[in-house]
>>> print(open('input_21.pdb').read())   # PDB, C-alpha atoms
ATOM      1  CA  MET I 596     116.689  67.877  87.426
ATOM      2  CA  GLY I 597     114.968  71.035  88.622
ATOM      3  CA  TYR I 598     113.491  72.137  91.918
ATOM      4  CA  THR I 599     110.589  70.894  94.030
ATOM      5  CA  LEU I 600     107.628  73.250  94.401
ATOM      6  CA  CYS I 601     105.415  72.865  97.480
ATOM      7  CA  VAL I 602     101.963  74.473  97.608
ATOM      8  CA  LEU I 603     100.679  74.926 101.158
ATOM      9  CA  GLY I 604      96.885  75.169 101.260
ATOM     10  CA  CYS I 605      96.307  74.017  97.689
ATOM     11  CA  GLY I 606      92.843  75.405  96.965
ATOM     12  CA  THR I 607      91.430  76.882  93.766
ATOM     13  CA  MET I 608      94.325  79.254  93.141
ATOM     14  CA  GLY I 609      96.932  76.652  94.057
ATOM     15  CA  VAL I 610      95.412  74.205  91.576
ATOM     16  CA  ALA I 611      95.351  76.923  88.897
ATOM     17  CA  ILE I 612      99.035  77.720  89.446
ATOM     18  CA  ILE I 613     100.194  74.090  89.416
ATOM     19  CA  SER I 614      98.084  73.374  86.327
ATOM     20  CA  GLY I 615      99.484  76.403  84.525
ATOM     21  CA  VAL I 616     103.085  75.510  85.329
ATOM     22  CA  LEU I 617     102.523  71.891  84.268
ATOM     23  CA  ALA I 618     101.055  73.046  80.953
ATOM     24  CA  SER I 619     104.021  75.357  80.335
ATOM     25  CA  LEU I 620     106.420  72.441  80.836
ATOM     26  CA  GLU I 621     104.734  70.086  78.386
ATOM     27  CA  PRO I 622     106.978  69.367  75.374
ATOM     28  CA  ARG I 623     105.426  70.154  72.017
ATOM     29  CA  ASN I 624     104.973  67.462  69.395
ATOM     30  CA  ILE I 625     107.565  68.038  66.654
ATOM     31  CA  PHE I 626     105.244  66.378  64.133
ATOM     32  CA  SER I 627     102.433  68.844  64.797
ATOM     33  CA  GLY I 628     104.470  71.901  63.804
ATOM     34  CA  PRO I 629     105.177  74.886  66.038
ATOM     35  CA  SER I 630     103.033  75.221  69.128
ATOM     36  CA  PRO I 631     100.495  78.076  69.085
ATOM     37  CA  GLN I 632     101.901  81.157  70.757
ATOM     38  CA  LYS I 633     100.008  82.914  73.486
ATOM     39  CA  TRP I 634      99.210  86.451  72.368
ATOM     40  CA  GLU I 635     101.537  87.787  75.044
ATOM     41  CA  SER I 636     103.458  85.732  77.568
ATOM     42  CA  TYR I 637     105.511  88.196  79.530
ATOM     43  CA  THR I 638     105.188  91.751  80.684
ATOM     44  CA  PRO I 639     107.309  94.264  78.752
ATOM     45  CA  GLY I 640     110.193  95.421  80.894
ATOM     46  CA  THR I 641     110.681  92.100  82.695
ATOM     47  CA  SER I 642     113.072  89.313  81.796
ATOM     48  CA  SER I 643     111.606  86.143  80.353
ATOM     49  CA  PRO I 644     112.603  82.985  82.218
ATOM     50  CA  ILE I 645     115.417  80.997  80.640
ATOM     51  CA  ARG I 646     113.869  77.650  79.800
ATOM     52  CA  ASP I 647     117.237  75.936  79.415
ATOM     53  CA  ALA I 648     118.211  76.709  83.001
ATOM     54  CA  ASP I 649     117.121  73.681  85.067
ATOM     55  CA  ALA I 650     117.385  75.696  88.278
ATOM     56  CA  SER I 651     114.399  77.832  87.265
ATOM     57  CA  LEU I 652     112.109  74.958  86.218
ATOM     58  CA  PRO I 653     110.223  72.707  88.657
ATOM     59  CA  SER I 654     110.408  68.956  88.191
ATOM     60  CA  ARG I 655     108.315  67.896  91.177
ATOM     61  CA  PHE I 656     105.184  69.285  92.837
ATOM     62  CA  VAL I 657     103.817  68.676  96.332
ATOM     63  CA  ALA I 658     100.263  69.876  97.028
ATOM     64  CA  CYS I 659      99.364  70.119 100.717
ATOM     65  CA  VAL I 660      95.868  70.232 102.205
ATOM     66  CA  SER I 661      94.482  69.735 105.687
ATOM     67  CA  ARG I 662      91.918  66.966 105.130
ATOM     68  CA  ASP I 663      92.023  63.509 103.535
ATOM     69  CA  GLU I 664      88.753  64.174 101.701
ATOM     70  CA  THR I 665      90.228  67.271 100.059
ATOM     71  CA  ALA I 666      93.359  65.305  99.158
ATOM     72  CA  ARG I 667      91.268  62.699  97.346
ATOM     73  CA  ARG I 668      89.515  65.400  95.353
ATOM     74  CA  LEU I 669      92.861  66.928  94.395
ATOM     75  CA  VAL I 670      94.178  63.574  93.194
ATOM     76  CA  ASN I 671      91.161  63.326  90.883
ATOM     77  CA  THR I 672      91.679  66.908  89.720
ATOM     78  CA  PHE I 673      95.297  66.333  88.742
ATOM     79  CA  SER I 674      94.699  62.868  87.286
ATOM     80  CA  ALA I 675      93.605  64.403  83.977
ATOM     81  CA  ALA I 676      96.951  66.167  83.490
ATOM     82  CA  ARG I 677      99.570  64.384  81.437
ATOM     83  CA  SER I 678     102.214  65.391  83.976
ATOM     84  CA  ALA I 679     100.076  64.398  86.976
ATOM     85  CA  ALA I 680     102.611  61.769  88.042
ATOM     86  CA  SER I 681     104.886  64.570  89.252
ATOM     87  CA  VAL I 682     102.199  66.002  91.588
ATOM     88  CA  GLU I 683     102.101  64.475  95.060
ATOM     89  CA  VAL I 684      99.093  65.293  97.234
ATOM     90  CA  ARG I 685      99.486  65.157 101.006
ATOM     91  CA  ALA I 686      97.081  65.789 103.864
ATOM     92  CA  GLY I 687      98.237  67.139 107.233
ATOM     93  CA  LYS I 688     101.956  66.847 106.431
ATOM     94  CA  ASN I 689     102.991  70.446 105.836
ATOM     95  CA  VAL I 690     106.359  70.366 107.605
ATOM     96  CA  GLU I 691     107.420  67.129 105.937
ATOM     97  CA  ALA I 692     106.503  68.510 102.501
ATOM     98  CA  VAL I 693     108.382  71.772 103.081
ATOM     99  CA  GLN I 694     111.479  69.853 104.234
ATOM    100  CA  GLU I 695     111.538  68.075 100.855
ATOM    101  CA  SER I 696     110.951  71.250  98.815
ATOM    102  CA  ASP I 697     113.056  74.113  97.475
ATOM    103  CA  VAL I 698     110.320  76.693  96.791
ATOM    104  CA  VAL I 699     107.164  77.052  98.897
ATOM    105  CA  LEU I 700     103.982  78.728  97.690
ATOM    106  CA  LEU I 701     101.683  79.793 100.536
ATOM    107  CA  CYS I 702      98.079  79.670  99.258
ATOM    108  CA  CYS I 703      96.092  79.063 102.442
ATOM    109  CA  LYS I 704      93.424  81.350 103.895
ATOM    110  CA  PRO I 705      95.015  84.471 105.430
ATOM    111  CA  GLN I 706      93.590  83.748 108.873
ATOM    112  CA  VAL I 707      95.382  80.393 109.153
ATOM    113  CA  ALA I 708      98.778  81.530 107.832
ATOM    114  CA  SER I 709     100.224  82.065 111.312
ATOM    115  CA  VAL I 710      99.033  78.612 112.390
ATOM    116  CA  ILE I 711     100.720  76.909 109.438
ATOM    117  CA  LEU I 712     103.960  78.879 109.647
ATOM    118  CA  ASN I 713     104.205  78.357 113.395
ATOM    119  CA  GLU I 714     103.845  74.559 113.231
ATOM    120  CA  SER I 715     106.584  72.749 115.102
ATOM    121  CA  GLY I 716     109.583  72.364 112.797
ATOM    122  CA  MET I 717     108.238  74.678 110.086
ATOM    123  CA  LYS I 718     110.696  77.506 110.768
ATOM    124  CA  GLU I 719     113.622  75.108 110.439
ATOM    125  CA  ALA I 720     112.127  73.496 107.319
ATOM    126  CA  LEU I 721     111.939  76.921 105.624
ATOM    127  CA  ASN I 722     115.547  77.884 106.380
ATOM    128  CA  GLY I 723     117.211  79.392 103.303
ATOM    129  CA  LYS I 724     114.216  78.664 101.058
ATOM    130  CA  LEU I 725     112.054  80.885  98.848
ATOM    131  CA  LEU I 726     108.612  81.453 100.382
ATOM    132  CA  ILE I 727     106.059  83.039  98.045
ATOM    133  CA  SER I 728     102.815  84.170  99.672
ATOM    134  CA  ILE I 729      99.662  84.971  97.681
ATOM    135  CA  LEU I 730      97.697  85.895 100.809
ATOM    136  CA  ALA I 731      95.720  89.123 100.572
ATOM    137  CA  GLY I 732      96.375  91.607 103.360
ATOM    138  CA  VAL I 733      99.260  89.687 104.965
ATOM    139  CA  THR I 734     102.391  91.816 104.622
ATOM    140  CA  ARG I 735     105.983  90.703 104.162
ATOM    141  CA  SER I 736     106.869  92.063 107.589
ATOM    142  CA  GLN I 737     104.163  89.875 109.161
ATOM    143  CA  LEU I 738     105.365  86.818 107.266
ATOM    144  CA  LYS I 739     109.024  87.471 108.100
ATOM    145  CA  ALA I 740     108.134  87.556 111.809
ATOM    146  CA  TRP I 741     106.939  83.955 111.552
ATOM    147  CA  VAL I 742     109.975  82.519 109.748
ATOM    148  CA  SER I 743     113.748  82.525 110.228
ATOM    149  CA  PRO I 744     115.876  85.420 108.889
ATOM    150  CA  SER I 745     117.376  83.146 106.220
ATOM    151  CA  THR I 746     113.983  82.527 104.564
ATOM    152  CA  LYS I 747     113.488  84.645 101.453
ATOM    153  CA  VAL I 748     109.922  86.010 101.726
ATOM    154  CA  ILE I 749     108.094  87.307  98.644
ATOM    155  CA  ARG I 750     104.500  88.460  98.190
ATOM    156  CA  ALA I 751     102.600  87.750  94.991
ATOM    157  CA  MET I 752      99.053  88.745  94.160
ATOM    158  CA  PRO I 753      97.387  86.843  91.297
ATOM    159  CA  ASN I 754      93.770  87.497  90.318
ATOM    160  CA  THR I 755      90.913  85.148  89.411
ATOM    161  CA  PRO I 756      91.493  85.071  85.604
ATOM    162  CA  CYS I 757      94.590  83.027  86.472
ATOM    163  CA  LYS I 758      92.172  80.087  86.443
ATOM    164  CA  ILE I 759      92.082  80.357  82.625
ATOM    165  CA  ARG I 760      95.744  81.494  82.372
ATOM    166  CA  GLU I 761      94.801  85.079  81.599
ATOM    167  CA  GLY I 762      95.673  86.432  85.022
ATOM    168  CA  MET I 763      97.588  89.446  86.247
ATOM    169  CA  THR I 764     100.080  88.789  89.039
ATOM    170  CA  VAL I 765     101.934  91.503  90.935
ATOM    171  CA  VAL I 766     105.078  90.392  92.778
ATOM    172  CA  SER I 767     106.966  92.319  95.445
ATOM    173  CA  THR I 768     110.524  93.321  94.614
ATOM    174  CA  LEU I 769     113.159  90.722  95.418
ATOM    175  CA  PRO I 770     115.593  91.120  98.299
ATOM    176  CA  SER I 771     119.244  91.316  97.299
ATOM    177  CA  SER I 772     120.925  87.900  97.461
ATOM    178  CA  ASP I 773     123.334  85.628  95.601
ATOM    179  CA  SER I 774     120.350  83.707  94.191
ATOM    180  CA  GLU I 775     118.367  86.779  93.097
ATOM    181  CA  ALA I 776     118.636  86.034  89.356
ATOM    182  CA  VAL I 777     117.496  82.423  89.791
ATOM    183  CA  ASP I 778     114.713  83.437  92.192
ATOM    184  CA  ARG I 779     113.471  85.996  89.673
ATOM    185  CA  ALA I 780     113.489  83.393  86.896
ATOM    186  CA  ILE I 781     111.581  80.947  89.113
ATOM    187  CA  ILE I 782     108.914  83.533  89.973
ATOM    188  CA  LEU I 783     108.505  84.625  86.354
ATOM    189  CA  GLN I 784     108.244  81.029  85.187
ATOM    190  CA  ILE I 785     105.528  80.268  87.744
ATOM    191  CA  PHE I 786     103.321  83.306  87.278
ATOM    192  CA  SER I 787     103.874  83.913  83.569
ATOM    193  CA  SER I 788     102.449  80.434  83.009
ATOM    194  CA  ILE I 789      99.064  81.714  84.245
ATOM    195  CA  GLY I 790      99.078  85.172  82.631
ATOM    196  CA  ARG I 791     101.168  88.314  83.001
ATOM    197  CA  CYS I 792     103.627  89.137  85.778
ATOM    198  CA  ARG I 793     104.859  92.506  87.052
ATOM    199  CA  PHE I 794     107.298  93.334  89.862
ATOM    200  CA  LEU I 795     106.282  96.292  92.069
ATOM    201  CA  ASP I 796     107.114  97.647  95.513
ATOM    202  CA  GLU I 797     104.853  96.274  98.227
ATOM    203  CA  LYS I 798     103.558  99.786  98.954
ATOM    204  CA  HIS I 799     101.505  99.536  95.729
ATOM    205  CA  PHE I 800      99.773  96.279  96.668
ATOM    206  CA  ASP I 801      96.577  97.845  98.036
ATOM    207  CA  ALA I 802      96.038  99.715  94.758
ATOM    208  CA  CYS I 803      96.830  96.538  92.814
ATOM    209  CA  THR I 804      94.305  94.652  94.944
ATOM    210  CA  ALA I 805      91.655  97.153  93.899
ATOM    211  CA  LEU I 806      92.671  97.374  90.246
ATOM    212  CA  SER I 807      93.468  93.786  89.283
ATOM    213  CA  GLY I 808      92.012  91.889  92.236
ATOM    214  CA  SER I 809      88.607  93.591  92.403
ATOM    215  CA  GLY I 810      88.836  94.811  88.809
ATOM    216  CA  PRO I 811      87.240  91.720  87.211
ATOM    217  CA  ALA I 812      84.063  92.433  89.211
ATOM    218  CA  PHE I 813      84.027  96.051  88.003
ATOM    219  CA  ALA I 814      84.648  94.933  84.422
ATOM    220  CA  CYS I 815      81.785  92.431  84.673
ATOM    221  CA  ILE I 816      79.405  95.223  85.695
ATOM    222  CA  PHE I 817      80.335  97.126  82.532
ATOM    223  CA  LEU I 818      80.154  93.931  80.460
ATOM    224  CA  GLU I 819      76.717  93.061  81.792
ATOM    225  CA  ALA I 820      75.481  96.601  81.197
ATOM    226  CA  MET I 821      76.658  96.504  77.565
ATOM    227  CA  ALA I 822      74.852  93.202  77.045
ATOM    228  CA  ASP I 823      71.703  94.608  78.673
ATOM    229  CA  GLY I 824      71.821  97.521  76.255
ATOM    230  CA  GLY I 825      72.000  95.099  73.362
ATOM    231  CA  VAL I 826      69.009  93.173  74.693
ATOM    232  CA  MET I 827      67.123  96.466  75.097
ATOM    233  CA  MET I 828      67.673  97.108  71.403
ATOM    234  CA  GLY I 829      66.393  93.681  70.352
ATOM    235  CA  LEU I 830      69.448  91.401  70.390
ATOM    236  CA  PRO I 831      69.040  87.893  71.842
ATOM    237  CA  ARG I 832      70.658  87.626  75.291
ATOM    238  CA  ALA I 833      73.307  85.049  74.350
ATOM    239  CA  GLU I 834      74.448  86.956  71.279
ATOM    240  CA  ALA I 835      74.451  90.289  73.116
ATOM    241  CA  LEU I 836      76.691  88.849  75.817
ATOM    242  CA  GLU I 837      79.035  87.276  73.268
ATOM    243  CA  LEU I 838      79.371  90.540  71.340
ATOM    244  CA  ALA I 839      80.012  92.547  74.488
ATOM    245  CA  ALA I 840      82.571  90.087  75.909
ATOM    246  CA  GLN I 841      84.530  89.745  72.680
ATOM    247  CA  THR I 842      84.488  93.516  72.189
ATOM    248  CA  LEU I 843      85.998  94.151  75.626
ATOM    249  CA  GLN I 844      88.536  91.356  75.155
ATOM    250  CA  GLY I 845      89.584  92.709  71.755
ATOM    251  CA  ALA I 846      89.984  96.254  73.051
ATOM    252  CA  ALA I 847      92.064  95.053  75.996
ATOM    253  CA  ARG I 848      94.325  92.971  73.779
ATOM    254  CA  MET I 849      94.901  95.896  71.413
ATOM    255  CA  THR I 850      96.067  97.938  74.386
ATOM    256  CA  LEU I 851      98.384  95.219  75.740
ATOM    257  CA  GLN I 852      99.618  93.610  72.537
ATOM    258  CA  ALA I 853     100.017  96.674  70.331
ATOM    259  CA  GLY I 854     100.662  99.181  73.108
ATOM    260  CA  THR I 855      97.815 101.358  71.872
ATOM    261  CA  HIS I 856      96.531 103.898  74.386
ATOM    262  CA  PRO I 857      92.792 103.534  75.146
ATOM    263  CA  ALA I 858      92.228 107.151  74.069
ATOM    264  CA  GLN I 859      93.658 106.321  70.625
ATOM    265  CA  LEU I 860      91.360 103.319  70.309
ATOM    266  CA  LYS I 861      88.425 105.481  71.320
ATOM    267  CA  ASP I 862      89.255 108.211  68.819
ATOM    268  CA  ALA I 863      89.786 105.676  66.017
ATOM    269  CA  VAL I 864      86.128 104.622  66.141
ATOM    270  CA  THR I 865      84.676 108.060  66.884
ATOM    271  CA  THR I 866      83.608 109.818  63.676
ATOM    272  CA  PRO I 867      82.129 113.344  63.556
ATOM    273  CA  GLY I 868      78.396 113.279  64.162
ATOM    274  CA  GLY I 869      78.431 109.474  64.501
ATOM    275  CA  CYS I 870      76.813 107.041  66.885
ATOM    276  CA  THR I 871      79.972 106.508  68.959
ATOM    277  CA  ILE I 872      80.330 110.148  69.991
ATOM    278  CA  ALA I 873      76.639 110.233  70.875
ATOM    279  CA  GLY I 874      77.099 107.245  73.158
ATOM    280  CA  LEU I 875      80.317 108.635  74.661
ATOM    281  CA  LEU I 876      78.606 111.882  75.616
ATOM    282  CA  THR I 877      75.889 109.882  77.355
ATOM    283  CA  LEU I 878      78.576 108.066  79.374
ATOM    284  CA  GLU I 879      80.139 111.415  80.292
ATOM    285  CA  ASP I 880      76.720 112.713  81.366
ATOM    286  CA  GLY I 881      76.486 109.731  83.710
ATOM    287  CA  ARG I 882      79.977 110.414  85.098
ATOM    288  CA  VAL I 883      80.973 106.848  84.239
ATOM    289  CA  ARG I 884      84.672 107.696  83.950
ATOM    290  CA  SER I 885      84.951 109.339  87.385
ATOM    291  CA  THR I 886      82.685 106.733  88.996
ATOM    292  CA  ILE I 887      84.945 103.889  87.850
ATOM    293  CA  ALA I 888      88.072 105.726  88.972
ATOM    294  CA  ARG I 889      86.479 106.436  92.369
ATOM    295  CA  ALA I 890      85.579 102.753  92.695
ATOM    296  CA  ILE I 891      89.302 101.934  92.438
ATOM    297  CA  GLN I 892      90.068 104.612  95.041
ATOM    298  CA  ILE I 893      87.475 103.329  97.530
ATOM    299  CA  ALA I 894      88.482  99.688  96.987
ATOM    300  CA  THR I 895      92.148 100.625  97.590
ATOM    301  CA  GLU I 896      91.277 102.362 100.854
ATOM    302  CA  ARG I 897      89.259  99.337 101.933
ATOM    303  CA  ALA I 898      92.111  96.982 101.059
ATOM    304  CA  SER I 899      94.399  99.067 103.262
ATOM    305  CA  GLU I 900      91.946  98.748 106.163
ATOM    306  CA  LEU I 901      91.714  94.965 105.724
ATOM    307  CA  GLY I 902      95.479  94.713 105.807
ATOM    308  CA  LYS I 903      95.601  96.499 109.165
ATOM    309  CA  GLN I 904      92.969  94.150 110.579
TER     310      GLN I 904
END
>>> encode(input="input_21.pdb", output="structure tokens")
Amino acid sequence: MGYTLCVLGCGTMGVAIISGVLASLEPRNIFSGPSPQKWESYTPGTSSPIRDADASLPSRFVACVSRDETARRLVNTFSAARSAASVEVRAGKNVEAVQESDVVLLCCKPQVASVILNESGMKEALNGKLLISILAGVTRSQLKAWVSPSTKVIRAMPNTPCKIREGMTVVSTLPSSDSEAVDRAIILQIFSSIGRCRFLDEKHFDACTALSGSGPAFACIFLEAMADGGVMMGLPRAEALELAAQTLQGAARMTLQAGTHPAQLKDAVTTPGGCTIAGLLTLEDGRVRSTIARAIQIATERASELGKQ
């Protein structure tokens, strides 16, 4: 039992999502003891999916691509998964796949979304179904103009760390319907399998694009700079990068897992007359704090412009 999930335009992010969901559905071996728990599976303030409810768990996957060559590559990609038998890969058969599905995940390039959704028979195939779009810059109002009024259209915005199941996905608020509770459970089950999930009004999506979408690039600049500083002071490059990466990861997890404010973490390691306060003052001299915040502002404004285009 369960529903059929169709991924239209199954590229890198589509593969990451299917792989994450498949991994979350794998039964644990009772002889190996309890399965290791992820440090945090769900966002505080949201409801965890009910695993016993078949309606919220997929039992079949259909991955759609445009070319036969890409389809062959996808078959090889999924062949390593233990649950690969439940993933069907199809080339050039979008409408047929949607007709057989209950939930549709739109993962194509934004510029071809209108072409796919306006294929002959697609509007009818999507009638009454849940359509989840992860396309940057394509609004719900645009998507709703291409489908029938009965199609439930949702926007979701995962970021690149979803590839290692440490992503951050923002989902637009759900429209009121008789299936709202099940739809919410389905969405949480999908995106919590590849990281954290948070529901927000669509008006916040440009800021989320800047913060969590572009944010990994900004974080990597800071990470690389920390490693460079270590190399400057004599550390080997590999070890400097490992120290810097683990330090940032640990600080982030303390904030998310323990709910500790970054200012508290900062103060906890800042002793009077110590090396930390000396380094912090240097960062303040360089206006690092305001520069990072302004980067989010500028990226948000740019995301808004891209959406209008």
>>> residues_around(input="input_21.pdb", residues="segment 688-696 of chain I", least_positions_apart="4", cutoff="10 Å", atoms="all atoms listed in the file", output="VMD selection string")
chain I and resid 598 to 604 655 to 661 683 to 684 700 711 to 712 714 to 722 724 to 725
>>> residues_around(input="input_21.pdb", residues="Cys815 of chain I", least_positions_apart="4", cutoff="12 Å", atoms="only C-alpha atoms", output="PyMOL selection string")
chain I and resi 809-811+819-823+836+839-840+843-844
>>> atom_distance(input="input_21.pdb", atom1="atom CA of Asp796 of chain I", atom2="atom CA of Ala888 of chain I")
21.7 Å
>>> resolve_selection(input="input_21.pdb", expression="the PyMOL selection byres ((chain I and resi 734) around 10)", output="list in words")
Ser728, Leu730, Ala731, Gly732, Val733, Arg735, Ser736, Gln737, Leu738, Lys739, Val748, Ile749, Arg750, Glu797, Lys798, Phe800, Gly902 and Lys903 of chain I
>>> write_last_selection(input="input_21.pdb", atoms="C-alpha atoms", output="PDB file, in the frame of the given file")
ATOM      1  CA  SER I 728     102.815  84.170  99.672  1.00  0.00           C
ATOM      2  CA  LEU I 730      97.697  85.895 100.809  1.00  0.00           C
ATOM      3  CA  ALA I 731      95.720  89.123 100.572  1.00  0.00           C
ATOM      4  CA  GLY I 732      96.375  91.607 103.360  1.00  0.00           C
ATOM      5  CA  VAL I 733      99.260  89.687 104.965  1.00  0.00           C
ATOM      6  CA  ARG I 735     105.983  90.703 104.162  1.00  0.00           C
ATOM      7  CA  SER I 736     106.869  92.063 107.589  1.00  0.00           C
ATOM      8  CA  GLN I 737     104.163  89.875 109.161  1.00  0.00           C
ATOM      9  CA  LEU I 738     105.365  86.818 107.266  1.00  0.00           C
ATOM     10  CA  LYS I 739     109.024  87.471 108.100  1.00  0.00           C
ATOM     11  CA  VAL I 748     109.922  86.010 101.726  1.00  0.00           C
ATOM     12  CA  ILE I 749     108.094  87.307  98.644  1.00  0.00           C
ATOM     13  CA  ARG I 750     104.500  88.460  98.190  1.00  0.00           C
ATOM     14  CA  GLU I 797     104.853  96.274  98.227  1.00  0.00           C
ATOM     15  CA  LYS I 798     103.558  99.786  98.954  1.00  0.00           C
ATOM     16  CA  PHE I 800      99.773  96.279  96.668  1.00  0.00           C
ATOM     17  CA  GLY I 902      95.479  94.713 105.807  1.00  0.00           C
ATOM     18  CA  LYS I 903      95.601  96.499 109.165  1.00  0.00           C
TER      19      LYS I 903
END
>>> atom_distance(input="input_21.pdb", atom1="atom CA of Lys747 of chain I", atom2="atom CA of Pro770 of chain I")
7.5 Å
>>> atom_distance(input="input_21.pdb", atom1="atom CA of Thr607 of chain I", atom2="atom CA of Asp663 of chain I")
16.6 Å
>>> closest_residue(input="input_21.pdb", among="I:Gln841, I:Thr871, I:Ser767, I:Gln784", to="Leu620 of chain I", atoms="only C-alpha atoms")
I:Gln784
>>> closest_residue(input="input_21.pdb", among="I:Gln852, I:Ser885, I:Ser807, I:Gln706", to="Leu901 of chain I", atoms="all atoms listed in the file")
I:Gln706
>>> closest_residue(input="input_21.pdb", among="I:Cys792, I:Ala853, I:Ile759, I:Cys605", to="Lys704 of chain I", atoms="all atoms listed in the file")
I:Cys605
>>> resolve_selection(input="input_21.pdb", expression="the PyMOL selection byres ((chain I and resi 808) around 9)", output="PDB file with C-alpha atoms, in the coordinates of the input")
ATOM      1  CA  MET I 752      99.053  88.745  94.160  1.00  0.00           C
ATOM      2  CA  PRO I 753      97.387  86.843  91.297  1.00  0.00           C
ATOM      3  CA  ASN I 754      93.770  87.497  90.318  1.00  0.00           C
ATOM      4  CA  THR I 755      90.913  85.148  89.411  1.00  0.00           C
ATOM      5  CA  MET I 763      97.588  89.446  86.247  1.00  0.00           C
ATOM      6  CA  CYS I 803      96.830  96.538  92.814  1.00  0.00           C
ATOM      7  CA  THR I 804      94.305  94.652  94.944  1.00  0.00           C
ATOM      8  CA  ALA I 805      91.655  97.153  93.899  1.00  0.00           C
ATOM      9  CA  LEU I 806      92.671  97.374  90.246  1.00  0.00           C
ATOM     10  CA  SER I 807      93.468  93.786  89.283  1.00  0.00           C
ATOM     11  CA  SER I 809      88.607  93.591  92.403  1.00  0.00           C
ATOM     12  CA  GLY I 810      88.836  94.811  88.809  1.00  0.00           C
ATOM     13  CA  PRO I 811      87.240  91.720  87.211  1.00  0.00           C
ATOM     14  CA  ALA I 812      84.063  92.433  89.211  1.00  0.00           C
TER      15      ALA I 812
END
>>> closest_residue(input="input_21.pdb", among="I:Val765, I:Val777, I:Met849, I:Val742", to="Ala650 of chain I", atoms="all atoms listed in the file")
I:Val777
>>> residues_around(input="input_21.pdb", residues="Asp801 of chain I", least_positions_apart="3", cutoff="6 Å", atoms="all atoms listed in the file", output="ChimeraX atom specification")
/I:804,895,898-899
>>> resolve_selection(input="input_21.pdb", expression="the PyMOL selection byres ((chain I and resi 788) around 6)", output="list in words")
Gly615, Val616, Ser619, Ile785, Phe786, Ser787, Ile789 and Gly790 of chain I
>>> residues_around(input="input_21.pdb", residues="segment 859-864 of chain I", least_positions_apart="4", cutoff="10 Å", atoms="only C-alpha atoms", output="list in words")
Ala846, Met849, Thr850, Thr855, Gly869, Cys870, Thr871, Ile872 and Leu875 of chain I
>>> write_last_selection(input="input_21.pdb", atoms="C-alpha atoms", output="mmCIF file, keeping the file's coordinate frame")
data_model
loop_
_atom_site.group_PDB
_atom_site.id
_atom_site.type_symbol
_atom_site.label_atom_id
_atom_site.label_comp_id
_atom_site.auth_asym_id
_atom_site.auth_seq_id
_atom_site.Cartn_x
_atom_site.Cartn_y
_atom_site.Cartn_z
ATOM 1 C CA ALA I 846 89.984 96.254 73.051
ATOM 2 C CA MET I 849 94.901 95.896 71.413
ATOM 3 C CA THR I 850 96.067 97.938 74.386
ATOM 4 C CA THR I 855 97.815 101.358 71.872
ATOM 5 C CA GLY I 869 78.431 109.474 64.501
ATOM 6 C CA CYS I 870 76.813 107.041 66.885
ATOM 7 C CA THR I 871 79.972 106.508 68.959
ATOM 8 C CA ILE I 872 80.330 110.148 69.991
ATOM 9 C CA LEU I 875 80.317 108.635 74.661
#
>>> closest_residue(input="input_21.pdb", among="I:Gly597, I:Ala708, I:Ala618, I:Thr842", to="Ala740 of chain I", atoms="only C-alpha atoms")
I:Ala708
>>> closest_residue(input="input_21.pdb", among="I:Ile613, I:Val710, I:Ala780, I:Cys702", to="Ser651 of chain I", atoms="all atoms listed in the file")
I:Ala780
